[in-house]
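**Student:** My structure is stored as entry.txt, with compact mmCIF, C-alpha atoms.
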```txt
# COMPACT_ATOMS: atom_id res chain seq x y z
CA MET A 1 -1.25 -15.54 -26.31
CA ASP A 2 -3.50 -14.88 -23.29
CA ILE A 3 -3.65 -17.69 -20.74
CA GLU A 4 -6.97 -17.74 -18.89
CA PHE A 5 -7.82 -19.91 -15.90
CA THR A 6 -11.25 -20.04 -14.29
CA ASP A 7 -11.88 -21.13 -10.70
CA ALA A 8 -14.85 -23.17 -9.48
CA GLY A 9 -16.86 -20.01 -8.88
CA GLY A 10 -16.43 -18.78 -12.44
CA ASN A 11 -13.91 -16.04 -11.61
CA LEU A 12 -10.87 -15.61 -13.82
CA ALA A 13 -7.92 -16.68 -11.70
CA PRO A 14 -4.12 -16.77 -11.80
CA PRO A 15 -2.68 -19.90 -13.40
CA ASP A 16 -1.77 -22.78 -11.10
CA GLY A 17 2.02 -22.93 -10.73
CA ARG A 18 1.89 -26.71 -10.56
CA VAL A 19 0.54 -26.74 -14.11
CA PHE A 20 1.88 -23.53 -15.64
CA PRO A 21 5.34 -22.53 -14.31
CA ARG A 22 5.44 -19.31 -12.35
CA PHE A 23 8.28 -17.85 -14.40
CA MET A 24 5.99 -17.91 -17.45
CA GLY A 25 2.74 -16.24 -18.35
CA PRO A 26 1.23 -12.81 -17.64
CA SER A 27 3.42 -10.08 -16.15
CA THR A 28 0.51 -8.86 -14.01
CA PHE A 29 0.55 -8.94 -10.21
CA ALA A 30 0.57 -12.62 -9.19
CA ARG A 31 -0.34 -13.35 -12.84
CA LEU A 32 -3.87 -12.06 -12.20
CA PRO A 33 -6.18 -11.43 -15.16
CA ARG A 34 -6.09 -7.96 -16.69
CA VAL A 35 -9.00 -5.63 -16.05
CA ASP A 36 -10.00 -5.80 -19.73
CA GLN A 37 -10.40 -9.59 -19.51
CA VAL A 38 -13.37 -9.49 -17.11
CA GLU A 39 -16.86 -8.02 -17.25
CA SER A 40 -16.73 -6.80 -13.65
CA TRP A 41 -14.32 -6.90 -10.73
CA ASP A 42 -14.21 -6.36 -6.97
CA VAL A 43 -10.59 -5.42 -6.28
CA ALA A 44 -7.95 -4.11 -8.68
CA VAL A 45 -4.20 -3.89 -8.24
CA ILE A 46 -3.04 -0.68 -9.91
CA GLY A 47 0.49 0.61 -10.51
CA VAL A 48 1.37 4.27 -9.96
CA PRO A 49 4.91 4.67 -11.35
CA PHE A 50 5.58 8.17 -10.00
CA ASP A 51 8.68 9.21 -8.04
CA ILE A 52 9.45 12.87 -8.63
CA GLY A 53 8.32 13.65 -5.10
CA THR A 54 11.32 11.88 -3.56
CA SER A 55 13.80 13.78 -1.40
CA TYR A 56 16.72 11.33 -1.40
CA ARG A 57 17.11 8.21 -3.55
CA PRO A 58 14.92 8.11 -6.68
CA GLY A 59 13.73 5.00 -8.51
CA ALA A 60 10.30 4.16 -7.06
CA ARG A 61 8.81 4.70 -10.52
CA PHE A 62 10.01 1.14 -11.12
CA GLY A 63 8.27 -0.09 -7.98
CA PRO A 64 5.17 -1.47 -9.73
CA ILE A 65 7.35 -3.50 -12.10
CA GLY A 66 9.49 -4.81 -9.26
CA ILE A 67 6.55 -5.71 -7.02
CA ARG A 68 4.81 -7.53 -9.84
CA LEU A 69 7.98 -9.54 -10.45
CA GLY A 70 8.23 -10.31 -6.75
CA SER A 71 4.61 -11.51 -6.73
CA ARG A 72 5.09 -14.43 -9.12
CA THR A 73 5.62 -16.91 -6.28
CA LEU A 74 2.33 -16.04 -4.54
CA ARG A 75 -0.32 -18.74 -4.35
CA ASN A 76 -4.08 -18.38 -3.99
CA TRP A 77 -4.72 -19.96 -0.57
CA HIS A 78 -3.85 -17.99 2.58
CA PRO A 79 -3.71 -20.73 5.25
CA ASP A 80 -3.53 -18.41 8.26
CA LEU A 81 -6.59 -16.37 7.32
CA GLU A 82 -8.24 -19.29 5.52
CA VAL A 83 -9.20 -17.21 2.50
CA ALA A 84 -8.44 -17.35 -1.22
CA PRO A 85 -7.45 -13.71 -1.91
CA PHE A 86 -7.52 -14.02 -5.70
CA THR A 87 -10.71 -16.01 -6.21
CA ALA A 88 -12.99 -15.40 -3.21
CA HIS A 89 -14.08 -12.53 -5.44
CA GLN A 90 -12.84 -11.15 -8.76
CA VAL A 91 -9.39 -9.59 -8.46
CA VAL A 92 -7.64 -8.04 -11.46
CA ASP A 93 -4.56 -6.09 -12.43
CA ALA A 94 -5.55 -2.71 -13.88
CA GLY A 95 -2.10 -1.88 -15.23
CA ASP A 96 -0.38 1.44 -14.57
CA ILE A 97 -1.66 5.00 -14.35
CA ALA A 98 -0.03 7.27 -16.92
CA CYS A 99 1.04 10.36 -14.99
CA SER A 100 3.54 13.14 -15.56
CA THR A 101 7.18 12.50 -14.73
CA TYR A 102 7.91 16.24 -14.81
CA VAL A 103 5.05 18.19 -13.17
CA ILE A 104 3.91 17.01 -9.74
CA ASP A 105 0.58 18.87 -9.79
CA ASP A 106 -0.30 17.31 -13.14
CA ALA A 107 0.59 13.85 -11.86
CA ILE A 108 -1.58 14.28 -8.76
CA ALA A 109 -4.52 15.32 -10.92
CA ALA A 110 -4.00 12.36 -13.27
CA ILE A 111 -3.83 9.87 -10.39
CA GLU A 112 -7.00 11.23 -8.80
CA ARG A 113 -8.84 11.27 -12.12
CA ALA A 114 -7.79 7.74 -13.10
CA THR A 115 -8.60 6.16 -9.74
CA THR A 116 -11.94 7.96 -9.54
CA GLU A 117 -12.93 6.63 -12.95
CA LEU A 118 -11.64 3.15 -12.14
CA THR A 119 -13.62 2.85 -8.90
CA ALA A 120 -16.83 4.40 -10.23
CA GLY A 121 -18.36 0.92 -10.33
CA GLY A 122 -17.69 0.33 -6.64
CA GLY A 123 -14.45 -1.66 -6.70
CA ARG A 124 -11.56 -1.20 -4.29
CA LEU A 125 -7.90 -0.59 -5.10
CA VAL A 126 -4.56 -1.83 -3.85
CA SER A 127 -2.13 0.69 -5.34
CA LEU A 128 1.54 -0.03 -5.96
CA GLY A 129 3.85 3.00 -5.89
CA GLY A 130 5.68 5.03 -6.71
CA ASP A 131 6.67 7.38 -3.92
CA HIS A 132 4.45 8.37 -1.04
CA THR A 133 3.19 11.51 -2.75
CA ILE A 134 0.59 9.28 -4.43
CA ALA A 135 -1.22 8.67 -1.14
CA PHE A 136 -2.68 12.19 -1.31
CA PRO A 137 -4.67 11.80 -4.56
CA LEU A 138 -5.59 8.24 -3.57
CA LEU A 139 -7.09 9.53 -0.32
CA ARG A 140 -9.00 12.16 -2.28
CA THR A 141 -10.55 9.37 -4.34
CA VAL A 142 -11.44 7.28 -1.28
CA HIS A 143 -12.85 10.30 0.55
CA ARG A 144 -15.15 11.10 -2.34
CA ARG A 145 -16.84 7.75 -1.81
CA HIS A 146 -16.52 7.08 1.91
CA GLY A 147 -15.99 10.46 3.57
CA PRO A 148 -13.24 10.84 6.20
CA VAL A 149 -11.66 7.43 6.68
CA ALA A 150 -9.54 5.97 9.46
CA LEU A 151 -5.99 6.28 8.13
CA VAL A 152 -3.36 3.86 9.42
CA HIS A 153 0.02 4.84 8.03
CA PHE A 154 2.96 2.41 8.27
CA ASP A 155 6.24 4.30 7.79
CA ALA A 156 9.54 5.24 9.35
CA HIS A 157 8.59 8.90 8.79
CA VAL A 158 5.47 10.88 9.67
CA ASP A 159 5.14 12.49 6.20
CA THR A 160 3.32 15.51 7.63
CA TYR A 161 5.95 18.12 6.79
CA ASP A 162 4.80 21.38 5.24
CA THR A 163 7.20 21.81 2.30
CA TYR A 164 10.47 20.52 0.91
CA MET A 165 12.50 23.25 -0.81
CA GLY A 166 9.29 25.19 -1.28
CA ALA A 167 7.33 22.29 -2.79
CA ALA A 168 4.00 21.56 -1.10
CA PHE A 169 3.50 18.15 -2.74
CA THR A 170 6.29 15.66 -2.01
CA HIS A 171 6.63 12.23 -0.46
CA GLY A 172 7.19 13.94 2.90
CA THR A 173 3.99 16.02 2.86
CA PRO A 174 0.98 13.92 1.72
CA PHE A 175 -0.70 13.54 5.10
CA ARG A 176 -0.39 17.22 5.99
CA ARG A 177 -2.16 18.04 2.72
CA ALA A 178 -4.72 15.31 3.45
CA ALA A 179 -5.32 16.71 6.93
CA GLU A 180 -5.83 20.19 5.52
CA GLU A 181 -8.57 18.83 3.25
CA GLY A 182 -10.18 16.71 5.97
CA LEU A 183 -9.64 13.49 4.04
CA PHE A 184 -9.23 11.32 7.15
CA SER A 185 -10.67 11.20 10.65
CA ALA A 186 -8.04 12.61 13.01
CA GLU A 187 -9.54 10.80 16.01
CA HIS A 188 -9.23 7.41 14.32
CA SER A 189 -5.83 7.60 12.61
CA MET A 190 -2.33 6.40 13.46
CA HIS A 191 1.29 6.31 12.38
CA ILE A 192 2.89 2.88 12.86
CA GLY A 193 6.65 2.27 12.77
CA ILE A 194 7.91 5.85 13.20
CA ARG A 195 11.58 6.00 14.14
CA GLY A 196 14.89 7.58 13.24
CA SER A 197 16.33 11.07 13.51
CA LYS A 198 14.23 14.20 13.06
CA TYR A 199 14.92 17.77 11.97
CA GLY A 200 13.88 18.94 15.42
CA PRO A 201 11.34 18.41 18.24
CA GLU A 202 8.81 20.43 16.27
CA ASP A 203 8.46 17.57 13.76
CA LEU A 204 6.48 15.40 16.18
CA GLU A 205 4.86 18.40 17.88
CA GLU A 206 3.39 19.61 14.59
CA ASP A 207 2.38 16.08 13.64
CA ALA A 208 0.45 15.70 16.90
CA GLY A 209 -1.65 18.67 15.84
CA PHE A 210 -3.11 16.61 13.00
CA GLY A 211 -4.50 14.06 15.45
CA PHE A 212 -2.31 11.07 14.69
CA ARG A 213 -1.50 8.62 17.44
CA VAL A 214 2.08 7.37 17.04
CA LEU A 215 3.28 3.83 17.68
CA GLY A 216 6.92 3.26 16.73
CA THR A 217 8.87 0.06 16.26
CA TRP A 218 10.63 -0.06 19.63
CA GLU A 219 7.38 -0.99 21.38
CA MET A 220 7.49 -4.39 19.67
CA GLU A 221 9.65 -5.79 22.47
CA ASP A 222 7.04 -4.83 25.05
CA ILE A 223 3.64 -5.33 23.43
CA GLY A 224 4.33 -7.72 20.54
CA ILE A 225 2.29 -8.12 17.38
CA ARG A 226 -0.94 -8.64 19.32
CA GLY A 227 -0.45 -5.32 21.12
CA TYR A 228 -0.13 -3.46 17.83
CA VAL A 229 -3.24 -5.12 16.45
CA GLU A 230 -5.27 -4.32 19.55
CA ARG A 231 -4.23 -0.67 19.57
CA ILE A 232 -4.93 -0.23 15.86
CA ALA A 233 -8.33 -1.91 16.11
CA GLU A 234 -9.28 0.25 19.10
CA ARG A 235 -8.23 3.41 17.28
CA VAL A 236 -9.93 2.58 13.97
CA GLY A 237 -13.21 1.41 15.45
CA ASP A 238 -15.95 0.85 12.86
CA LEU A 239 -14.80 3.46 10.38
CA PRO A 240 -13.84 2.60 6.80
CA LEU A 241 -10.08 1.96 6.89
CA TYR A 242 -7.36 3.06 4.51
CA LEU A 243 -3.88 1.54 4.92
CA SER A 244 -0.86 3.37 3.52
CA ILE A 245 2.31 1.33 3.74
CA ASP A 246 5.76 2.73 3.03
CA ILE A 247 8.07 -0.23 2.63
CA ASP A 248 10.67 1.60 4.73
CA VAL A 249 8.60 0.66 7.77
CA LEU A 250 10.65 -2.51 7.43
CA ASP A 251 14.26 -2.53 8.59
CA PRO A 252 16.78 -2.11 5.73
CA ALA A 253 17.81 -5.73 6.35
CA PHE A 254 14.38 -6.71 4.99
CA ALA A 255 13.79 -3.80 2.59
CA PRO A 256 17.05 -2.21 1.41
CA ALA A 257 15.55 -0.95 -1.85
CA THR A 258 13.80 2.20 -0.75
CA GLY A 259 14.33 5.92 -1.02
CA THR A 260 14.97 6.82 2.63
CA PRO A 261 15.98 3.74 4.65
CA GLU A 262 16.03 3.91 8.46
CA ALA A 263 17.60 1.39 10.84
CA GLY A 264 15.49 -0.21 13.54
CA GLY A 265 12.43 -1.17 11.53
CA PHE A 266 10.06 -4.11 11.67
CA THR A 267 10.97 -7.53 10.36
CA SER A 268 8.89 -8.83 7.47
CA ARG A 269 7.24 -11.32 9.81
CA GLU A 270 6.23 -8.61 12.26
CA LEU A 271 4.66 -6.42 9.59
CA LEU A 272 2.79 -9.30 7.97
CA GLY A 273 1.60 -10.43 11.39
CA ILE A 274 0.20 -7.00 12.24
CA LEU A 275 -1.59 -6.79 8.90
CA ARG A 276 -3.24 -10.19 9.11
CA GLY A 277 -4.39 -9.29 12.61
CA LEU A 278 -6.59 -6.61 11.03
CA ARG A 279 -8.91 -9.20 9.49
CA GLY A 280 -12.50 -8.05 9.98
CA THR A 281 -11.85 -4.34 9.51
CA ASN A 282 -13.62 -2.49 6.72
CA LEU A 283 -10.60 -2.01 4.46
CA VAL A 284 -11.68 0.26 1.61
CA GLY A 285 -8.31 0.92 -0.01
CA ALA A 286 -4.56 0.64 0.44
CA ASP A 287 -1.22 1.48 -1.06
CA VAL A 288 2.29 0.00 -0.90
CA VAL A 289 4.91 2.57 -1.81
CA GLU A 290 8.59 3.53 -1.99
CA VAL A 291 9.99 0.32 -3.50
CA ALA A 292 13.00 1.32 -5.63
CA PRO A 293 14.23 -1.93 -7.21
CA ALA A 294 17.58 -0.56 -8.40
CA TYR A 295 18.86 -0.73 -4.80
CA ASP A 296 17.61 -4.27 -4.21
CA HIS A 297 19.50 -7.51 -3.65
CA ALA A 298 17.95 -10.73 -4.96
CA ASP A 299 14.54 -8.96 -5.12
CA ILE A 300 14.35 -8.88 -1.30
CA THR A 301 12.32 -5.67 -1.13
CA SER A 302 10.10 -6.45 -4.09
CA ILE A 303 9.24 -9.84 -2.61
CA ALA A 304 8.48 -8.27 0.77
CA ALA A 305 6.25 -5.64 -0.85
CA ALA A 306 4.45 -8.27 -2.94
CA ASN A 307 3.68 -10.23 0.21
CA VAL A 308 2.41 -7.08 1.92
CA ALA A 309 0.06 -6.51 -1.03
CA TYR A 310 -1.02 -10.15 -0.75
CA GLU A 311 -1.98 -9.58 2.90
CA LEU A 312 -4.00 -6.54 1.86
CA LEU A 313 -5.87 -8.56 -0.76
CA ALA A 314 -6.51 -11.23 1.86
CA LEU A 315 -7.96 -8.60 4.22
CA MET A 316 -10.33 -7.51 1.45
CA ALA A 317 -11.44 -11.04 0.58
CA PRO A 318 -14.88 -12.14 1.81
CA ASP A 319 -15.03 -15.03 4.24
CA ARG A 320 -15.46 -18.49 2.81
```
Using structure tokens, write down the structure from this file.
**Tutor:**
Amino acid sequence: MDIEFTDAGGNLAPPDGRVFPRFMGPSTFARLPRVDQVESWDVAVIGVPFDIGTSYRPGARFGPIGIRLGSRTLRNWHPDLEVAPFTAHQVVDAGDIACSTYVIDDAIAAIERATTELTAGGGRLVSLGGDHTIAFPLLRTVHRRHGPVALVHFDAHVDTYDTYMGAAFTHGTPFRRAAEEGLFSAEHSMHIGIRGSKYGPEDLEEDAGFGFRVLGTWEMEDIGIRGYVERIAERVGDLPLYLSIDIDVLDPAFAPATGTPEAGGFTSRELLGILRGLRGTNLVGADVVEVAPAYDHADITSIAAANVAYELLALMAPDR
């Protein structure tokens, strides 16, 4: 039986956990209404259960399921930003995109086609991966509507490699492919959280050629959360913004369930603080990727990713 709750503004809303226990009810993100339950919507959470682009530990195809489970404790009022992410406008869960688990090119085409159709009415997406390969077709969809966007990429890795074992489309190559197609504005884009060992000095040298400014995690001790926010805001300017967030930007202590963990990452509090500092930017789309629940402990990573998605929805919510 469908459980529907309507807020004061007439939007379908998640059930109130004080009335309907959070371990019951819809299995959607934060128990949001499904896309087929509303006449129109403003933001949709969409799952992209694809992980055949991974180079180390697989399992991110179960990321959307895990993140949705981790989202059941989320509530509608964000006290720090003073917004109601789920009901300030109509937010829905659009389910999962059916894409190939065998042929990467076919999966990319399916993701681009599905997201293009879904956003034809003007809505925005928060996409739950899946591995980072999915960012490439998602950027194609956003570019079709907004042109070259400011891309802010949170990750331990630059993901601008050319190929892995001869494959051009992997979770380590999406932003090189995006740069080749001019999907983002090089002068307004950044990598945040880069760290760890590299194959060689050419990794960062080649990446610099795509225009990214790099801000790692070690700078946190010197500039703090406010410094990250200021540098991102200065770089992005007034351009439409796309945020791509690999959960491995967090330290493995806070996100152990990911394909390629790297020591020395952000804490959950630091990442959430940076994101909420971006309130007021023109966020036109976002993804949260690389959650592989099989490696999790007590849903730590899924809960962290769900809260990251919550911050993204809060950034998209109109002011009261």
**Student:** Can you check which parts of stretch 167-273 of chain A lie within 12 Å of stretch 298-311 of chain A? Per residue, the shortest pair of atoms and distance in Å to one decimal, counting all atoms listed in the file, sorted by chain and number, as JSON lines.
**Tutor:**
```
{"residue": "A:Leu243", "atom": "CA", "partner": "A:Ala309", "partner_atom": "CA", "distance": 10.8}
{"residue": "A:Ser244", "atom": "CA", "partner": "A:Ala309", "partner_atom": "CA", "distance": 10.9}
{"residue": "A:Ile245", "atom": "CA", "partner": "A:Val308", "partner_atom": "CA", "distance": 8.6}
{"residue": "A:Asp246", "atom": "CA", "partner": "A:Ala305", "partner_atom": "CA", "distance": 9.2}
{"residue": "A:Ile247", "atom": "CA", "partner": "A:Ala305", "partner_atom": "CA", "distance": 6.7}
{"residue": "A:Asp248", "atom": "CA", "partner": "A:Thr301", "partner_atom": "CA", "distance": 9.5}
{"residue": "A:Val249", "atom": "CA", "partner": "A:Ala305", "partner_atom": "CA", "distance": 10.9}
{"residue": "A:Leu250", "atom": "CA", "partner": "A:Ala304", "partner_atom": "CA", "distance": 9.1}
{"residue": "A:Asp251", "atom": "CA", "partner": "A:Thr301", "partner_atom": "CA", "distance": 10.4}
{"residue": "A:Pro252", "atom": "CA", "partner": "A:Thr301", "partner_atom": "CA", "distance": 8.9}
{"residue": "A:Ala253", "atom": "CA", "partner": "A:Ile300", "partner_atom": "CA", "distance": 9.0}
{"residue": "A:Phe254", "atom": "CA", "partner": "A:Thr301", "partner_atom": "CA", "distance": 6.5}
{"residue": "A:Ala255", "atom": "CA", "partner": "A:Thr301", "partner_atom": "CA", "distance": 4.4}
{"residue": "A:Pro256", "atom": "CA", "partner": "A:Thr301", "partner_atom": "CA", "distance": 6.4}
{"residue": "A:Ala257", "atom": "CA", "partner": "A:Thr301", "partner_atom": "CA", "distance": 5.8}
{"residue": "A:Thr258", "atom": "CA", "partner": "A:Thr301", "partner_atom": "CA", "distance": 8.0}
{"residue": "A:Gly259", "atom": "CA", "partner": "A:Thr301", "partner_atom": "CA", "distance": 11.8}
{"residue": "A:Pro261", "atom": "CA", "partner": "A:Thr301", "partner_atom": "CA", "distance": 11.6}
{"residue": "A:Phe266", "atom": "CA", "partner": "A:Ala304", "partner_atom": "CA", "distance": 11.8}
{"residue": "A:Thr267", "atom": "CA", "partner": "A:Ala304", "partner_atom": "CA", "distance": 9.9}
{"residue": "A:Ser268", "atom": "CA", "partner": "A:Ala304", "partner_atom": "CA", "distance": 6.7}
{"residue": "A:Arg269", "atom": "CA", "partner": "A:Ala304", "partner_atom": "CA", "distance": 9.6}
{"residue": "A:Glu270", "atom": "CA", "partner": "A:Val308", "partner_atom": "CA", "distance": 11.1}
{"residue": "A:Leu271", "atom": "CA", "partner": "A:Val308", "partner_atom": "CA", "distance": 8.0}
{"residue": "A:Leu272", "atom": "CA", "partner": "A:Val308", "partner_atom": "CA", "distance": 6.5}
{"residue": "A:Gly273", "atom": "CA", "partner": "A:Glu311", "partner_atom": "CA", "distance": 9.3}
```
**Student:** Could you give me, as number ranges by chain, the residues within 6 Å of A:Arg72, counting only C-alpha atoms and dropping anything in the same chain fewer than 2 positions from it?
**Tutor:** A: 22, 30, 69-70, 74
**Student:** Using only C-alpha atoms for the distances, tell me which of A:Glu230, A:Glu290, A:Val92, A:Met24 is nearest to A:Ala156.
**Tutor:**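 For A:Ala156, the nearest of the given residues is A:Glu290.
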**Student:** Which neighbours of A:Gly280 fall inside 12 Å, counting all atoms listed in the file, when residues of the same chain fewer than 6 positions from it are skipped, and could you give them as a list in words?
**Tutor:** Leu81, Val229, Ala233, Val236, Gly237, Asp238, Leu239, Pro240, Leu241, Leu312, Ala314, Leu315, Met316, Ala317, Pro318 and Asp319 of chain A
**Student:** Please identify all polymer residues within 12 Å of A:Phe136, counting all atoms listed in the file, omitting same-chain residues fewer than 6 positions from it, and present them as a PyMOL selection string.
**Tutor:** chain A and resi 53+104-105+107-109+111-112+115+142-143+151+159-160+168-184+242+244+286-287
**Student:** Tell me, as a VMD selection string, which residues lie within 10 Å of stretch 32-36 of chain A, counting all atoms listed in the file; anything in the same chain fewer than 5 positions away does not count.
**Tutor:** chain A and resid 2 to 5 11 to 15 25 to 27 41 43 to 46 72 86 to 87 90 to 95 118
**Student:** Excluding same-chain residues fewer than 2 positions from stretch 202-215 of chain A, what lies within 7 Å of it counting all atoms listed in the file, as a short mmCIF file (atom, residue, chain, number, x, y, z; two decimals) with C-alpha atoms, keeping the file's coordinate frame?
**Tutor:**
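Ended up saving to result.cif:
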```
data_model
loop_
_atom_site.label_atom_id
_atom_site.label_comp_id
_atom_site.auth_asym_id
_atom_site.auth_seq_id
_atom_site.Cartn_x
_atom_site.Cartn_y
_atom_site.Cartn_z
CA THR A 160 3.32 15.51 7.63
CA ALA A 179 -5.32 16.71 6.93
CA ALA A 186 -8.04 12.61 13.01
CA GLU A 187 -9.54 10.80 16.01
CA SER A 189 -5.83 7.60 12.61
CA MET A 190 -2.33 6.40 13.46
CA HIS A 191 1.29 6.31 12.38
CA ILE A 192 2.89 2.88 12.86
CA GLY A 193 6.65 2.27 12.77
CA ILE A 194 7.91 5.85 13.20
CA LYS A 198 14.23 14.20 13.06
CA TYR A 199 14.92 17.77 11.97
CA GLY A 200 13.88 18.94 15.42
CA THR A 217 8.87 0.06 16.26
#
```
**Student:** A:Arg226, A:Arg195, A:Arg145, A:Arg140: which is nearest A:Ala120, counting only C-alpha atoms?
**Tutor:**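 Using only C-alpha atoms, A:Ala120 sits closest to A:Arg145.
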**Student:** Taking only C-alpha atoms into account, name the residue in A:His297, A:Gly123, A:Ile223, A:Ser197 that is nearest to A:Leu283.
**Tutor:**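 The closest residue to A:Leu283 is A:Gly123.
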**Student:** Rounded to one decimal place, report the atom CA of A:Thr281-atom CA of A:Glu234 distance in Å.
**Tutor:**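 Those two atoms sit 10.9 Å apart.
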**Student:** Which one is closest to A:Asp51: A:Thr163, A:Thr101, A:Asn282, A:Thr141? Count all atoms listed in the file.
**Tutor:** A:Thr101
**Student:** For a test of reading the model, state the distance in Å between atom CA of A:Pro64 and atom CA of A:Pro137, rounded to one decimal.
**Tutor:**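 Atom-to-atom, atom CA of A:Pro64 to atom CA of A:Pro137, that is 17.3 Å.
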**Student:** Pick the closest to A:Gly147 from A:Pro79, A:Thr133, A:Val284, A:Phe20: which is it, counting only C-alpha atoms?
**Tutor:**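 Checking each candidate against A:Gly147, we get A:Val284 as the closest.
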**Student:** Just how far from atom CA of A:Leu125 is atom CA of A:Met220, in Å to one decimal?
**Tutor:**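 So the answer is 29.4 Å.
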